[in-house]
Amino acid sequence: MTAKDWWIYDGAGSAESRRARLAEQAPPWREFRGVPDPEYRPPGLDDDAWRESWRRGTGYVPDLAEQEAVNTALYLRRPLLVTGKPGVGKSTLAYSIAADLELGPVLHWPITSRSTLRDGLYQYDAIGRLHDANLRNLGRTARTPVDPSLAPYLRLGPLGTALLPQERPRVLLVDEIDKSDIDLPGDLLTVFEEGAFEIPELARVAAQEPQVRIGTHDDSEARALVSRGRVRCMSFPVVVLTSNGERDFPPPFLRRCIRLHLEPPGAEKLTQIVRRRLRLGDEESECHRDLVEAFVERRLDGDLATDQLLNAVQLRLKGAWSDTADQDRFLETVLQRLTGPTSV
């Protein structure tokens with residue numbers, strides 16, 4: 001498929017040139033005024049975290065609907081809400097965006113029923129601070145200084161780190177947001193609209209300590225600058241929210257997202273995925289088309305995840321389950337359905 005002229009993600013040209021085009025396209029109502037900290041260095045493209053993000057994203061095969069939805073979200077600086085059954089590649093799409101535009105390691109925020117907005121923004125170790133204060137009080141002398149900075153007890157979460165003012169946006173994956181309690185989607189609205197948030201613990205002491213350096217989700221020692229307790233982005237992060245469809249979201253939340261529903265991939269797309277992820281030539285991938293066909297057929301009676309097909313092809317490449325008499329048991333073992341009457 002030929003890339004369309006307006007595409008940034010999966011578009012023509014180098015990643016650097018496409019990022020530059022994106023920086024010029026911000027809508028007036030989605031411009032943000034954060035000032036970068038020249039001393040803060042976000043993760044680059046030379047560490048293990050980036051190599052893992054690149055590995056997960058580089059074999060992804062987006063179709064036209066995905067390409068257009070991602071690019072729409074990029075241009076409008078809006079979160080992308082991706083729905084679909086488990087195993088269709090919702091999370092991998094976030095890694096694909098990061099790999100394609102070379103945006104650094106993906107910031108991952110897995111959601112549970114106990115997740116709160118503050119978990120994503122920052123963590124404050126109040127117990128640790130109290131413990132240290134008690135130790136200081138036990139050994140206090142006339143020359144003992146007052147309580148130290150809050151900085152050692154604060155650390156930005158994945159969302160907070162994504163909102164640090166940087167010229168190059170980060171990719172934030174908010175995974176399985178449908179598992180959250182009822183309040184979290186609404187709580188996210190203000191942060192997504194303003195591209196900013198406040199750390200109350202720092203705001204309260206801003207007169208005495210207006211600038212503080214605290215750790216980030218990437219690195220507790222990174223020490224990003226926070227002024228007067230407030231973090232404000234410069235480039236809105238690429239936010240990908242995934243949902244397995246276990247709940248509905250309020251209209252105000254949906255209105256602020258670009259929505260994309262992923263259908264299970266068909267045989268041709270599965271063949272492309274196998275080829276890319278396992279680095280096979282055309283002839284090699286054709287040799288395993290029978291596994292693709294078996295995967296599609298078995299999926300009619302219950303859901304399967306794409307990585308199960310990759311596992312099956314990998315086993316065959318390594319010579320496992322090579323006896324033709326074992327093929328039925330091979331499929332039953334590796335391609336076990338996730339739903340339906342035979343899933344348990």
# chains A, B, ... in the order shown; residues from 1 in each chain; ligands from 1
>>> residues_around(residues="Glu52 of chain A", least_positions_apart="6", cutoff="12 Å", atoms="only C-alpha atoms", output="number ranges by chain")
A: 45-46, 58, 92, 95-96, 98-99, 104-107
>>> residues_around(residues="Leu278 of chain A", least_positions_apart="2", cutoff="10 Å", atoms="only C-alpha atoms", output="short mmCIF file (atom, residue, chain, number, x, y, z; two decimals) with N, CA and C atoms, in the first residue's frame")
data_model
loop_
_atom_site.label_atom_id
_atom_site.label_comp_id
_atom_site.auth_asym_id
_atom_site.auth_seq_id
_atom_site.Cartn_x
_atom_site.Cartn_y
_atom_site.Cartn_z
N GLY A 59 7.57 -5.35 13.86
CA GLY A 59 6.94 -6.36 13.03
C GLY A 59 5.45 -6.17 12.85
N GLN A 272 1.46 -11.89 6.53
CA GLN A 272 2.40 -10.77 6.59
C GLN A 272 3.00 -10.64 7.99
N ILE A 273 2.17 -10.83 9.01
CA ILE A 273 2.67 -10.73 10.39
C ILE A 273 3.72 -11.80 10.65
N VAL A 274 3.44 -13.02 10.24
CA VAL A 274 4.40 -14.12 10.41
C VAL A 274 5.71 -13.78 9.71
N ARG A 275 5.59 -13.26 8.50
CA ARG A 275 6.79 -12.94 7.71
C ARG A 275 7.63 -11.88 8.41
N ARG A 276 6.98 -10.82 8.88
CA ARG A 276 7.73 -9.73 9.49
C ARG A 276 8.28 -10.09 10.86
N LEU A 280 10.94 -13.91 7.90
CA LEU A 280 10.94 -14.96 6.90
C LEU A 280 10.82 -14.36 5.50
N GLY A 281 11.42 -15.03 4.52
CA GLY A 281 11.22 -14.64 3.14
C GLY A 281 9.84 -15.07 2.66
N SER A 285 7.56 -18.12 4.31
CA SER A 285 6.26 -17.89 4.94
C SER A 285 5.17 -18.70 4.26
N LEU A 310 2.22 -17.30 15.98
CA LEU A 310 3.68 -17.11 15.92
C LEU A 310 4.39 -18.22 16.69
N VAL A 313 4.39 -21.37 14.45
CA VAL A 313 5.36 -21.31 13.36
C VAL A 313 6.78 -21.43 13.92
N GLN A 314 7.05 -20.80 15.05
CA GLN A 314 8.38 -20.88 15.65
C GLN A 314 8.73 -22.32 16.02
N LEU A 317 9.65 -24.13 12.89
CA LEU A 317 10.97 -23.73 12.40
C LEU A 317 12.09 -24.42 13.18
#
>>> select_by_dssp(residues="segment 40-103 of chain A", states="helix (DSSP H, G or I)", output="PyMOL selection string")
chain A and resi 48-58+64-76+90-101
>>> residues_around(residues="Thr339 of chain A", least_positions_apart="2", cutoff="12 Å", atoms="only C-alpha atoms", output="PyMOL selection string")
chain A and resi 85-87+298-305+335-337+341-344
>>> write_last_selection(atoms="N, CA and C atoms", output="JSON list (two decimals), in the first residue's frame")
[["chain", "number", "residue", "atom", "x", "y", "z"],
["A", 85, "LYS", "N", -10.86, -7.61, 20.59],
["A", 85, "LYS", "CA", -10.69, -8.81, 21.42],
["A", 85, "LYS", "C", -9.24, -8.96, 21.86],
["A", 86, "PRO", "N", -9.02, -9.67, 22.97],
["A", 86, "PRO", "CA", -7.63, -9.91, 23.41],
["A", 86, "PRO", "C", -6.82, -10.61, 22.32],
["A", 87, "GLY", "N", -5.58, -10.16, 22.16],
["A", 87, "GLY", "CA", -4.68, -10.83, 21.23],
["A", 87, "GLY", "C", -4.71, -10.33, 19.81],
["A", 298, "ARG", "N", -9.70, -22.70, 13.24],
["A", 298, "ARG", "CA", -9.95, -22.96, 14.66],
["A", 298, "ARG", "C", -10.56, -21.72, 15.34],
["A", 299, "ARG", "N", -10.26, -20.56, 14.81],
["A", 299, "ARG", "CA", -10.78, -19.33, 15.40],
["A", 299, "ARG", "C", -12.29, -19.19, 15.23],
["A", 300, "LEU", "N", -12.86, -19.96, 14.32],
["A", 300, "LEU", "CA", -14.31, -19.91, 14.11],
["A", 300, "LEU", "C", -15.08, -20.40, 15.34],
["A", 301, "ASP", "N", -14.45, -21.26, 16.14],
["A", 301, "ASP", "CA", -15.13, -21.84, 17.30],
["A", 301, "ASP", "C", -14.67, -21.24, 18.63],
["A", 302, "GLY", "N", -13.87, -20.20, 18.58],
["A", 302, "GLY", "CA", -13.39, -19.56, 19.81],
["A", 302, "GLY", "C", -12.21, -18.66, 19.50],
["A", 303, "ASP", "N", -12.02, -17.63, 20.30],
["A", 303, "ASP", "CA", -10.97, -16.65, 20.04],
["A", 303, "ASP", "C", -9.58, -17.26, 20.18],
["A", 304, "LEU", "N", -8.68, -16.77, 19.33],
["A", 304, "LEU", "CA", -7.26, -17.08, 19.41],
["A", 304, "LEU", "C", -6.48, -15.78, 19.32],
["A", 305, "ALA", "N", -5.29, -15.75, 19.91],
["A", 305, "ALA", "CA", -4.42, -14.57, 19.84],
["A", 305, "ALA", "C", -3.36, -14.80, 18.76],
["A", 335, "LEU", "N", -2.58, -24.10, 19.77],
["A", 335, "LEU", "CA", -3.67, -23.20, 19.38],
["A", 335, "LEU", "C", -4.92, -23.46, 20.22],
["A", 336, "GLN", "N", -4.73, -23.44, 21.52],
["A", 336, "GLN", "CA", -5.88, -23.61, 22.41],
["A", 336, "GLN", "C", -6.74, -22.35, 22.40],
["A", 337, "ARG", "N", -8.03, -22.55, 22.22],
["A", 337, "ARG", "CA", -8.96, -21.41, 22.13],
["A", 337, "ARG", "C", -9.05, -20.68, 23.47],
["A", 341, "PRO", "N", -16.56, -23.26, 23.99],
["A", 341, "PRO", "CA", -16.75, -24.48, 24.80],
["A", 341, "PRO", "C", -15.48, -25.29, 25.03],
["A", 342, "THR", "N", -14.46, -25.12, 24.16],
["A", 342, "THR", "CA", -13.22, -25.90, 24.33],
["A", 342, "THR", "C", -12.10, -25.08, 24.93],
["A", 343, "SER", "N", -12.40, -23.92, 25.51],
["A", 343, "SER", "CA", -11.34, -23.05, 26.05],
["A", 343, "SER", "C", -10.86, -23.50, 27.41],
["A", 344, "VAL", "N", -11.59, -24.40, 28.06],
["A", 344, "VAL", "CA", -11.17, -24.87, 29.37],
["A", 344, "VAL", "C", -11.02, -26.38, 29.36]]
>>> residues_around(residues="segment 9-26 of chain A", least_positions_apart="5", cutoff="9 Å", atoms="only C-alpha atoms", output="VMD selection string")
chain A and resid 2 to 4 31 62 67 to 68 70 to 71 74 to 77 97 100 to 103 167 to 168 235
>>> closest_atom_pairs(of="segment 148-191 of chain A", to="segment 198-203 of chain A", cutoff="10 Å", atoms="only C-alpha atoms", output="Markdown table")
| residue | atom | partner | partner_atom | distance |
| --- | --- | --- | --- | --- |
| A:Ser149 | CA | A:Leu202 | CA | 9.6 |
| A:Leu150 | CA | A:Leu202 | CA | 7.5 |
| A:Ala151 | CA | A:Leu202 | CA | 8.8 |
| A:Leu154 | CA | A:Glu201 | CA | 9.1 |
| A:Leu156 | CA | A:Ile199 | CA | 9.7 |
| A:Gly160 | CA | A:Glu198 | CA | 9.8 |
| A:Val191 | CA | A:Glu198 | CA | 9.7 |
>>> closest_residue(among="A:Phe295, A:Phe330, A:Phe197, A:Tyr122", to="Trp109 of chain A", atoms="only C-alpha atoms")
A:Tyr122
>>> atom_distance(atom1="atom CA of Glu263 of chain A", atom2="atom CA of Thr242 of chain A")
13.6 Å
